[in-house]
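Student: Have a look at this one before I ask anything.
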Amino acid sequence: MSFVHIRPDWQLPEKLVTLESAYIKRRQFLKNLAGFGLGLTATSCAGRSLSSEGMEELSRTFGEPIRDFVTNPAFADAGRPVTDQLFASRYNNFYEFGLTKNIWSNAQKLPTDPWTLEVSGLVKNPKTYDLDDLYQKFPLEERIYRFRCVEAWAMVVPWLGFPMNKVLEDVEPTSEAKYVRFESFYDERITEGPAISFSDLPWPYHEGLRIDEMANDLAFFAVGIYGRTMPKQHGAPIRMVVPWKYGFKGAKSIVKIEFLAEQPATYWNTISPNEYKFEANVEPDVSHPRWSQKRERMVGEGVALDWETRETLIYNGFGEYVAGLYA
Ligand code: MTE
């Protein structure tokens, strides 16, 4: 299979990308895209204002209110203000629907009803859940987590969902199962995404965890956000949230989970193994080859080109829960 050598430097406004080398690579990336006949402009939309009609349209994507949940007291305060939903919901990475952050409108094409989530592989009880099964089986809780993208932007997000270990209890992996593979929805007639040799990319989006990472209490399946069902741009109707890892580990719109004996390939690691590791834990002292990870920019705080920056925390501040996994 031949892959377009696409680097997810993910539309940071050029002024935010400090390293000269990053800037040059980025130009190369855009040139490569142009080579595929696509004129692409980098956009950051978090600081860009929307018209009042735009705001209204955006707020119509917010999903239905969920009333039946408890806030988990251990995760009721992330130590930073929760990101305004009007920023979080129009600053997304969802490459199936385009290369910019501004995919919220295009993502409304995602068909989410009916939806099934198939769990298979090395388990005693393979399952195919529909949405009613998920809602009935797994009581919902709210968790406010820091969320850190490998691009060095960050948010604080109130997710609604259930710990992944509830699914482990339900399907009972066998003793041979050591890894888990997660696969996102993909239908090229719908997702379209960037109009570059799209079919050469390793779709569907897929991610993986070690089984002990999946069993960790922090690992979460989210079916909602900000008290409502999941907006499509955030990965409706169900997505992964692994808050001590970079955001790309959290596959959106999951349709399939498979338990395996061997470590599975993953989407960004297949495209650029040197830049996006399987493990992908948030580590301030481990630089991305093209930028430092020591600090992060909080989406929505300040204007786009002058976002407030904060120190990156090891394991995104969740070391007490997860450091033991990597001892
Ligand atoms: N899942 C799918 N299917 N496709 C994607 O492009 N992008 C990832 C992750 N999950 C992505 C995905 C990346 S790079 C990030 S940072 C987060 O989704 C962004 O989540 P958000 O848009 O809800 O903030």
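Residues in the structure tokens are numbered from 1 in each chain, the chains being A, B, ... in the order shown, and ligands are numbered from 1 in the order shown.
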If we count only C-alpha atoms, what is near Met230 (chain A) at a cut-off of 10 Å, once residues fewer than 6 positions away on the same chain are taken out, given as an mmCIF file with N, CA and C atoms, in the first residue's frame?
Tutor:
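Dumped to selection-v3.cif:
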```cif
data_model
loop_
_atom_site.group_PDB
_atom_site.id
_atom_site.type_symbol
_atom_site.label_atom_id
_atom_site.label_comp_id
_atom_site.auth_asym_id
_atom_site.auth_seq_id
_atom_site.Cartn_x
_atom_site.Cartn_y
_atom_site.Cartn_z
ATOM 1 N N THR A 61 -25.800 21.733 16.748
ATOM 2 C CA THR A 61 -25.062 20.456 16.670
ATOM 3 C C THR A 61 -24.838 19.849 18.057
ATOM 4 N N PHE A 62 -25.277 20.530 19.106
ATOM 5 C CA PHE A 62 -24.847 20.156 20.457
ATOM 6 C C PHE A 62 -25.468 18.899 21.052
ATOM 7 N N GLY A 63 -26.435 18.280 20.390
ATOM 8 C CA GLY A 63 -26.968 17.017 20.924
ATOM 9 C C GLY A 63 -28.096 17.224 21.923
ATOM 10 N N GLU A 64 -28.656 16.090 22.351
ATOM 11 C CA GLU A 64 -29.819 16.117 23.253
ATOM 12 C C GLU A 64 -29.351 16.119 24.701
ATOM 13 N N PRO A 65 -30.084 16.811 25.579
ATOM 14 C CA PRO A 65 -29.679 16.796 26.992
ATOM 15 C C PRO A 65 -29.706 15.383 27.575
ATOM 16 N N TRP A 159 -16.735 15.237 29.944
ATOM 17 C CA TRP A 159 -17.234 14.097 29.161
ATOM 18 C C TRP A 159 -18.335 13.387 29.930
ATOM 19 N N LEU A 160 -19.239 12.733 29.201
ATOM 20 C CA LEU A 160 -20.234 11.842 29.813
ATOM 21 C C LEU A 160 -20.045 10.460 29.222
ATOM 22 N N GLY A 161 -19.953 9.457 30.064
ATOM 23 C CA GLY A 161 -19.743 8.114 29.522
ATOM 24 C C GLY A 161 -19.521 7.117 30.632
ATOM 25 N N ALA A 222 -16.782 7.833 25.875
ATOM 26 C CA ALA A 222 -17.677 8.977 26.045
ATOM 27 C C ALA A 222 -18.806 8.909 25.025
ATOM 28 N N VAL A 223 -20.026 9.097 25.522
ATOM 29 C CA VAL A 223 -21.199 9.161 24.638
ATOM 30 C C VAL A 223 -21.810 10.567 24.664
ATOM 31 N N GLY A 224 -21.211 11.444 25.459
ATOM 32 C CA GLY A 224 -21.719 12.796 25.537
ATOM 33 C C GLY A 224 -20.660 13.759 26.026
ATOM 34 N N ALA A 236 -19.517 11.425 17.602
ATOM 35 C CA ALA A 236 -20.761 10.729 17.941
ATOM 36 C C ALA A 236 -20.786 9.343 17.296
ATOM 37 N N PRO A 237 -21.511 8.402 17.868
ATOM 38 C CA PRO A 237 -22.200 8.509 19.170
ATOM 39 C C PRO A 237 -21.327 8.024 20.327
ATOM 40 N N ILE A 238 -20.162 7.427 20.005
ATOM 41 C CA ILE A 238 -19.301 6.939 21.091
ATOM 42 C C ILE A 238 -17.845 7.014 20.649
ATOM 43 N N ARG A 239 -16.998 7.529 21.534
ATOM 44 C CA ARG A 239 -15.576 7.676 21.229
ATOM 45 C C ARG A 239 -14.736 7.307 22.441
ATOM 46 N N SER A 253 -16.152 7.992 16.984
ATOM 47 C CA SER A 253 -17.203 7.270 16.250
ATOM 48 C C SER A 253 -16.828 5.797 16.058
#
```
Student: Would you mind writing down, as a VMD selection string, each residue of region 35-249 of chain A that DSSP on the backbone assigns to strand (DSSP E or B)?
Tutor: chain A and resid 65 69 to 71 116 to 121 123 127 to 130 140 to 148 153 to 163 173 179 to 184 206 to 210 220 to 225 228 to 229 239 to 241 245
Student: Residues within 7 Å of ligand 1, counting only C-alpha atoms and all ligand atoms: report them as a JSON list (two decimals) with N, CA and C atoms, in the first residue's frame.
Tutor:
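The resulting file, pocket01.json, is shown below:
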```
[["chain", "number", "residue", "atom", "x", "y", "z"],
["A", 88, "ALA", "N", -14.76, 24.55, 21.93],
["A", 88, "ALA", "CA", -14.43, 23.12, 21.79],
["A", 88, "ALA", "C", -15.12, 22.50, 20.57],
["A", 91, "TYR", "N", -13.39, 23.47, 17.00],
["A", 91, "TYR", "CA", -11.94, 23.36, 16.88],
["A", 91, "TYR", "C", -11.61, 21.88, 17.02],
["A", 92, "ASN", "N", -11.80, 21.15, 15.94],
["A", 92, "ASN", "CA", -11.77, 19.68, 16.03],
["A", 92, "ASN", "C", -10.78, 19.07, 15.04],
["A", 93, "ASN", "N", -10.28, 17.92, 15.39],
["A", 93, "ASN", "CA", -9.57, 17.08, 14.43],
["A", 93, "ASN", "C", -10.46, 15.89, 14.11],
["A", 94, "PHE", "N", -10.85, 15.78, 12.86],
["A", 94, "PHE", "CA", -11.67, 14.65, 12.42],
["A", 94, "PHE", "C", -11.41, 14.56, 10.92],
["A", 95, "TYR", "N", -10.28, 13.92, 10.62],
["A", 95, "TYR", "CA", -9.75, 13.97, 9.26],
["A", 95, "TYR", "C", -10.67, 13.39, 8.21],
["A", 96, "GLU", "N", -11.56, 12.50, 8.64],
["A", 96, "GLU", "CA", -12.52, 11.94, 7.69],
["A", 96, "GLU", "C", -13.36, 13.06, 7.08],
["A", 149, "CYS", "N", -3.75, 17.66, 22.97],
["A", 149, "CYS", "CA", -3.43, 17.20, 21.62],
["A", 149, "CYS", "C", -1.93, 17.21, 21.42],
["A", 150, "VAL", "N", -1.43, 16.30, 20.60],
["A", 150, "VAL", "CA", 0.01, 16.24, 20.30],
["A", 150, "VAL", "C", 0.49, 17.53, 19.63],
["A", 184, "SER", "N", -12.77, 3.24, 13.86],
["A", 184, "SER", "CA", -13.78, 4.29, 13.66],
["A", 184, "SER", "C", -14.65, 3.98, 12.45],
["A", 185, "PHE", "N", -15.80, 4.62, 12.42],
["A", 185, "PHE", "CA", -16.69, 4.56, 11.25],
["A", 185, "PHE", "C", -15.93, 5.05, 10.02],
["A", 205, "TYR", "N", -9.82, 5.03, 10.40],
["A", 205, "TYR", "CA", -9.00, 5.45, 11.53],
["A", 205, "TYR", "C", -9.02, 4.32, 12.56],
["A", 233, "GLN", "N", -19.14, 16.28, 15.45],
["A", 233, "GLN", "CA", -17.75, 16.72, 15.24],
["A", 233, "GLN", "C", -16.80, 16.17, 16.32],
["A", 234, "HIS", "N", -17.35, 15.80, 17.48],
["A", 234, "HIS", "CA", -16.51, 15.24, 18.56],
["A", 234, "HIS", "C", -16.47, 13.71, 18.52],
["A", 235, "GLY", "N", -17.20, 13.09, 17.56],
["A", 235, "GLY", "CA", -17.10, 11.63, 17.45],
["A", 235, "GLY", "C", -18.32, 10.89, 17.92],
["A", 246, "TYR", "N", -1.82, 11.54, 24.27],
["A", 246, "TYR", "CA", -2.19, 12.56, 23.30],
["A", 246, "TYR", "C", -3.53, 12.23, 22.66],
["A", 247, "GLY", "N", -4.23, 13.31, 22.27],
["A", 247, "GLY", "CA", -5.61, 13.18, 21.81],
["A", 247, "GLY", "C", -5.80, 12.24, 20.63],
["A", 248, "PHE", "N", -4.75, 12.04, 19.81],
["A", 248, "PHE", "CA", -4.95, 11.17, 18.63],
["A", 248, "PHE", "C", -5.20, 9.72, 19.02],
["A", 249, "LYS", "N", -4.87, 9.35, 20.29],
["A", 249, "LYS", "CA", -5.17, 7.98, 20.74],
["A", 249, "LYS", "C", -6.67, 7.76, 20.89],
["A", 250, "GLY", "N", -7.44, 8.83, 20.97],
["A", 250, "GLY", "CA", -8.88, 8.71, 21.24],
["A", 250, "GLY", "C", -9.70, 8.65, 19.97],
["A", 251, "ALA", "N", -9.81, 7.46, 19.38],
["A", 251, "ALA", "CA", -10.57, 7.32, 18.13],
["A", 251, "ALA", "C", -12.03, 7.73, 18.34],
["A", 252, "LYS", "N", -12.56, 8.41, 17.33],
["A", 252, "LYS", "CA", -13.94, 8.88, 17.38],
["A", 252, "LYS", "C", -14.87, 7.89, 16.68],
["A", 253, "SER", "N", -16.15, 7.99, 16.98],
["A", 253, "SER", "CA", -17.20, 7.27, 16.25],
["A", 253, "SER", "C", -16.83, 5.80, 16.06]]
```
Student: Excluding Glu118 (chain A) and its own-chain neighbours fewer than 2 positions away, which residues fall within 7 Å of it when counting only C-alpha atoms? Please give them as a list in words.
Tutor: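 My list of contacting residues is Thr116, Ser120, Lys127, Thr128, Tyr129, Val255, Lys256 and Ile257 of chain A.
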Student: Determine, counting only C-alpha atoms, which protein, DNA and RNA residues have an atom within 8 Å of an atom of region 314-319 of chain A; residues of the same chain fewer than 6 positions away are not included. Present the result as a JSON list (two decimals) with N, CA and C atoms, in the first residue's frame.
Tutor:
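As a result, result.json now contains:
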```json
[["chain", "number", "residue", "atom", "x", "y", "z"],
["A", 146, "ARG", "N", -8.60, 17.06, 31.70],
["A", 146, "ARG", "CA", -7.74, 17.83, 30.79],
["A", 146, "ARG", "C", -7.57, 16.99, 29.52],
["A", 147, "PHE", "N", -7.50, 17.67, 28.39],
["A", 147, "PHE", "CA", -7.39, 16.99, 27.09],
["A", 147, "PHE", "C", -6.24, 17.64, 26.35],
["A", 148, "ARG", "N", -5.27, 16.84, 25.92],
["A", 148, "ARG", "CA", -4.04, 17.41, 25.35],
["A", 148, "ARG", "C", -3.77, 16.81, 23.98],
["A", 243, "PRO", "N", -7.08, 10.11, 28.81],
["A", 243, "PRO", "CA", -6.62, 11.49, 29.07],
["A", 243, "PRO", "C", -5.14, 11.64, 29.38],
["A", 244, "TRP", "N", -4.42, 10.56, 29.66],
["A", 244, "TRP", "CA", -2.99, 10.70, 29.92],
["A", 244, "TRP", "C", -2.17, 10.56, 28.64],
["A", 245, "LYS", "N", -2.85, 10.32, 27.54],
["A", 245, "LYS", "CA", -2.19, 10.18, 26.24],
["A", 245, "LYS", "C", -2.60, 11.33, 25.33],
["A", 281, "ASN", "N", 2.15, 8.68, 25.35],
["A", 281, "ASN", "CA", 1.81, 9.32, 26.62],
["A", 281, "ASN", "C", 2.23, 10.79, 26.59],
["A", 282, "VAL", "N", 1.49, 11.64, 27.30],
["A", 282, "VAL", "CA", 1.86, 13.05, 27.38],
["A", 282, "VAL", "C", 3.12, 13.18, 28.24],
["A", 283, "GLU", "N", 4.21, 13.61, 27.60],
["A", 283, "GLU", "CA", 5.49, 13.71, 28.30],
["A", 283, "GLU", "C", 6.18, 15.01, 27.90],
["A", 284, "PRO", "N", 6.20, 15.99, 28.80],
["A", 284, "PRO", "CA", 6.74, 17.30, 28.42],
["A", 284, "PRO", "C", 8.19, 17.26, 27.97]]
```
Student: Determine which residues of region 99-254 of chain A receive a DSSP assignment of alpha helix (DSSP H), computed from the backbone, and state them as a PyMOL selection string.
Tutor: chain A and resi 131-137+164-171+188-191+211-215
Student: If we count only C-alpha atoms, what is near Lys109 (chain A) at a cut-off of 10 Å, once residues fewer than 5 positions away on the same chain are taken out, given as a VMD selection string?
Tutor: chain A and resid 97 104 190 to 191 232 to 233
Student: Can those selected residues be exported to a file as a PDB file, in the first residue's frame so that it contains N, CA, C and O atoms?
Tutor:
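Resulting contents of part-v6.pdb:
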```pdb
ATOM      1  N   PHE A  97     -13.478  14.186   7.781  1.00  0.00           N
ATOM      2  CA  PHE A  97     -14.334  15.273   7.314  1.00  0.00           C
ATOM      3  C   PHE A  97     -13.554  16.508   6.896  1.00  0.00           C
ATOM      4  O   PHE A  97     -14.131  17.567   6.693  1.00  0.00           O
ATOM      5  N   TRP A 104     -16.782  21.150  11.741  1.00  0.00           N
ATOM      6  CA  TRP A 104     -18.012  20.861  12.485  1.00  0.00           C
ATOM      7  C   TRP A 104     -19.234  20.758  11.579  1.00  0.00           C
ATOM      8  O   TRP A 104     -20.070  19.885  11.768  1.00  0.00           O
ATOM      9  N   ILE A 190     -19.298   8.972   2.287  1.00  0.00           N
ATOM     10  CA  ILE A 190     -19.826   9.971   3.221  1.00  0.00           C
ATOM     11  C   ILE A 190     -18.719  10.841   3.790  1.00  0.00           C
ATOM     12  O   ILE A 190     -18.830  12.055   3.874  1.00  0.00           O
ATOM     13  N   THR A 191     -17.619  10.184   4.166  1.00  0.00           N
ATOM     14  CA  THR A 191     -16.617  10.929   4.922  1.00  0.00           C
ATOM     15  C   THR A 191     -15.824  11.905   4.047  1.00  0.00           C
ATOM     16  O   THR A 191     -15.448  12.967   4.507  1.00  0.00           O
ATOM     17  N   LYS A 232     -21.568  15.416  16.540  1.00  0.00           N
ATOM     18  CA  LYS A 232     -20.896  14.608  15.510  1.00  0.00           C
ATOM     19  C   LYS A 232     -19.433  15.005  15.358  1.00  0.00           C
ATOM     20  O   LYS A 232     -18.570  14.151  15.175  1.00  0.00           O
ATOM     21  N   GLN A 233     -19.142  16.281  15.445  1.00  0.00           N
ATOM     22  CA  GLN A 233     -17.746  16.716  15.235  1.00  0.00           C
ATOM     23  C   GLN A 233     -16.800  16.174  16.322  1.00  0.00           C
ATOM     24  O   GLN A 233     -15.593  16.100  16.118  1.00  0.00           O
TER      25      GLN A 233
END
```
Student: Given the choices A:Met164, A:Leu134, A:Ala76, A:Met240, which gets closest to Asp217 (chain A) if the distance is worked out from only C-alpha atoms?
Tutor: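 The shortest atom-to-atom distance to Asp217 (chain A) comes from A:Met164.
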Student: Do you have, as a Markdown table, the list of residues of region 225-290 of chain A lying at most 10 Å from region 170-174 of chain A, each with its nearest atom pair and that distance in Å to one decimal, counting only C-alpha atoms and ordered by chain then number?
Tutor:
```
| residue | atom | partner | partner_atom | distance |
| --- | --- | --- | --- | --- |
| A:Glu258 | CA | A:Pro173 | CA | 10.0 |
| A:Phe259 | CA | A:Pro173 | CA | 7.1 |
| A:Leu260 | CA | A:Pro173 | CA | 9.3 |
| A:Ala261 | CA | A:Thr174 | CA | 9.8 |
```
Student: A:Asp133, A:Glu183, A:Asp285, A:Asp68: which is nearest Leu313 (chain A), counting only C-alpha atoms?
Tutor: A:Asp285
Student: Nearest residue to Ile254 (chain A) out of A:Val82, A:Leu117, A:Val322, A:Leu201, using only C-alpha atoms?
Tutor: A:Leu117
Student: Excluding Glu262 (chain A) and residues on its chain fewer than 2 positions from it, collect all residues at most 10 Å away from it, counting only C-alpha atoms, and give them as a list in words.
Tutor: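 Returned residues: Glu176, Ala177, Lys178, Tyr179, Val180, Arg181, Arg210, Phe259, Leu260, Pro264 and Ala265 of chain A.
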Student: Go ahead and write the selection's residues with N, CA, C and O atoms as an mmCIF file, in the first residue's frame.
Tutor:
```cif
data_model
loop_
_atom_site.group_PDB
_atom_site.id
_atom_site.type_symbol
_atom_site.label_atom_id
_atom_site.label_comp_id
_atom_site.auth_asym_id
_atom_site.auth_seq_id
_atom_site.Cartn_x
_atom_site.Cartn_y
_atom_site.Cartn_z
ATOM 1 N N GLU A 176 -5.183 -14.874 26.619
ATOM 2 C CA GLU A 176 -4.273 -14.558 25.492
ATOM 3 C C GLU A 176 -4.369 -13.090 25.064
ATOM 4 O O GLU A 176 -3.487 -12.587 24.370
ATOM 5 N N ALA A 177 -5.454 -12.436 25.430
ATOM 6 C CA ALA A 177 -5.652 -11.052 24.955
ATOM 7 C C ALA A 177 -4.684 -10.115 25.659
ATOM 8 O O ALA A 177 -4.670 -10.028 26.889
ATOM 9 N N LYS A 178 -3.852 -9.428 24.893
ATOM 10 C CA LYS A 178 -2.870 -8.496 25.464
ATOM 11 C C LYS A 178 -3.080 -7.060 24.956
ATOM 12 O O LYS A 178 -2.598 -6.116 25.554
ATOM 13 N N TYR A 179 -3.759 -6.924 23.834
ATOM 14 C CA TYR A 179 -3.951 -5.615 23.204
ATOM 15 C C TYR A 179 -5.391 -5.480 22.732
ATOM 16 O O TYR A 179 -6.097 -6.482 22.588
ATOM 17 N N VAL A 180 -5.766 -4.227 22.471
ATOM 18 C CA VAL A 180 -7.113 -3.958 21.973
ATOM 19 C C VAL A 180 -7.009 -2.988 20.799
ATOM 20 O O VAL A 180 -6.250 -2.017 20.855
ATOM 21 N N ARG A 181 -7.750 -3.267 19.767
ATOM 22 C CA ARG A 181 -7.786 -2.405 18.587
ATOM 23 C C ARG A 181 -9.169 -1.762 18.487
ATOM 24 O O ARG A 181 -10.184 -2.439 18.681
ATOM 25 N N ARG A 210 -2.808 -1.182 25.152
ATOM 26 C CA ARG A 210 -2.544 -2.432 25.868
ATOM 27 C C ARG A 210 -3.781 -2.724 26.711
ATOM 28 O O ARG A 210 -4.468 -1.807 27.142
ATOM 29 N N PHE A 259 -10.085 -7.679 20.474
ATOM 30 C CA PHE A 259 -9.060 -8.087 21.444
ATOM 31 C C PHE A 259 -8.059 -8.998 20.762
ATOM 32 O O PHE A 259 -8.439 -9.942 20.064
ATOM 33 N N LEU A 260 -6.772 -8.695 20.963
ATOM 34 C CA LEU A 260 -5.714 -9.332 20.180
ATOM 35 C C LEU A 260 -4.571 -9.791 21.079
ATOM 36 O O LEU A 260 -4.367 -9.266 22.178
ATOM 37 N N PRO A 264 -1.522 -4.020 17.737
ATOM 38 C CA PRO A 264 -2.045 -3.694 16.406
ATOM 39 C C PRO A 264 -1.352 -2.460 15.816
ATOM 40 O O PRO A 264 -0.803 -1.641 16.549
ATOM 41 N N ALA A 265 -1.406 -2.342 14.503
ATOM 42 C CA ALA A 265 -0.970 -1.107 13.844
ATOM 43 C C ALA A 265 -1.963 -0.007 14.205
ATOM 44 O O ALA A 265 -3.125 -0.284 14.506
#
```
Student: Counting only C-alpha atoms, which of A:Pro158, A:Thr229, A:Ile144, A:Pro202 gets nearest to Leu131 (chain A)?
Tutor: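 Ranked by minimum distance to Leu131 (chain A), first place goes to A:Thr229.
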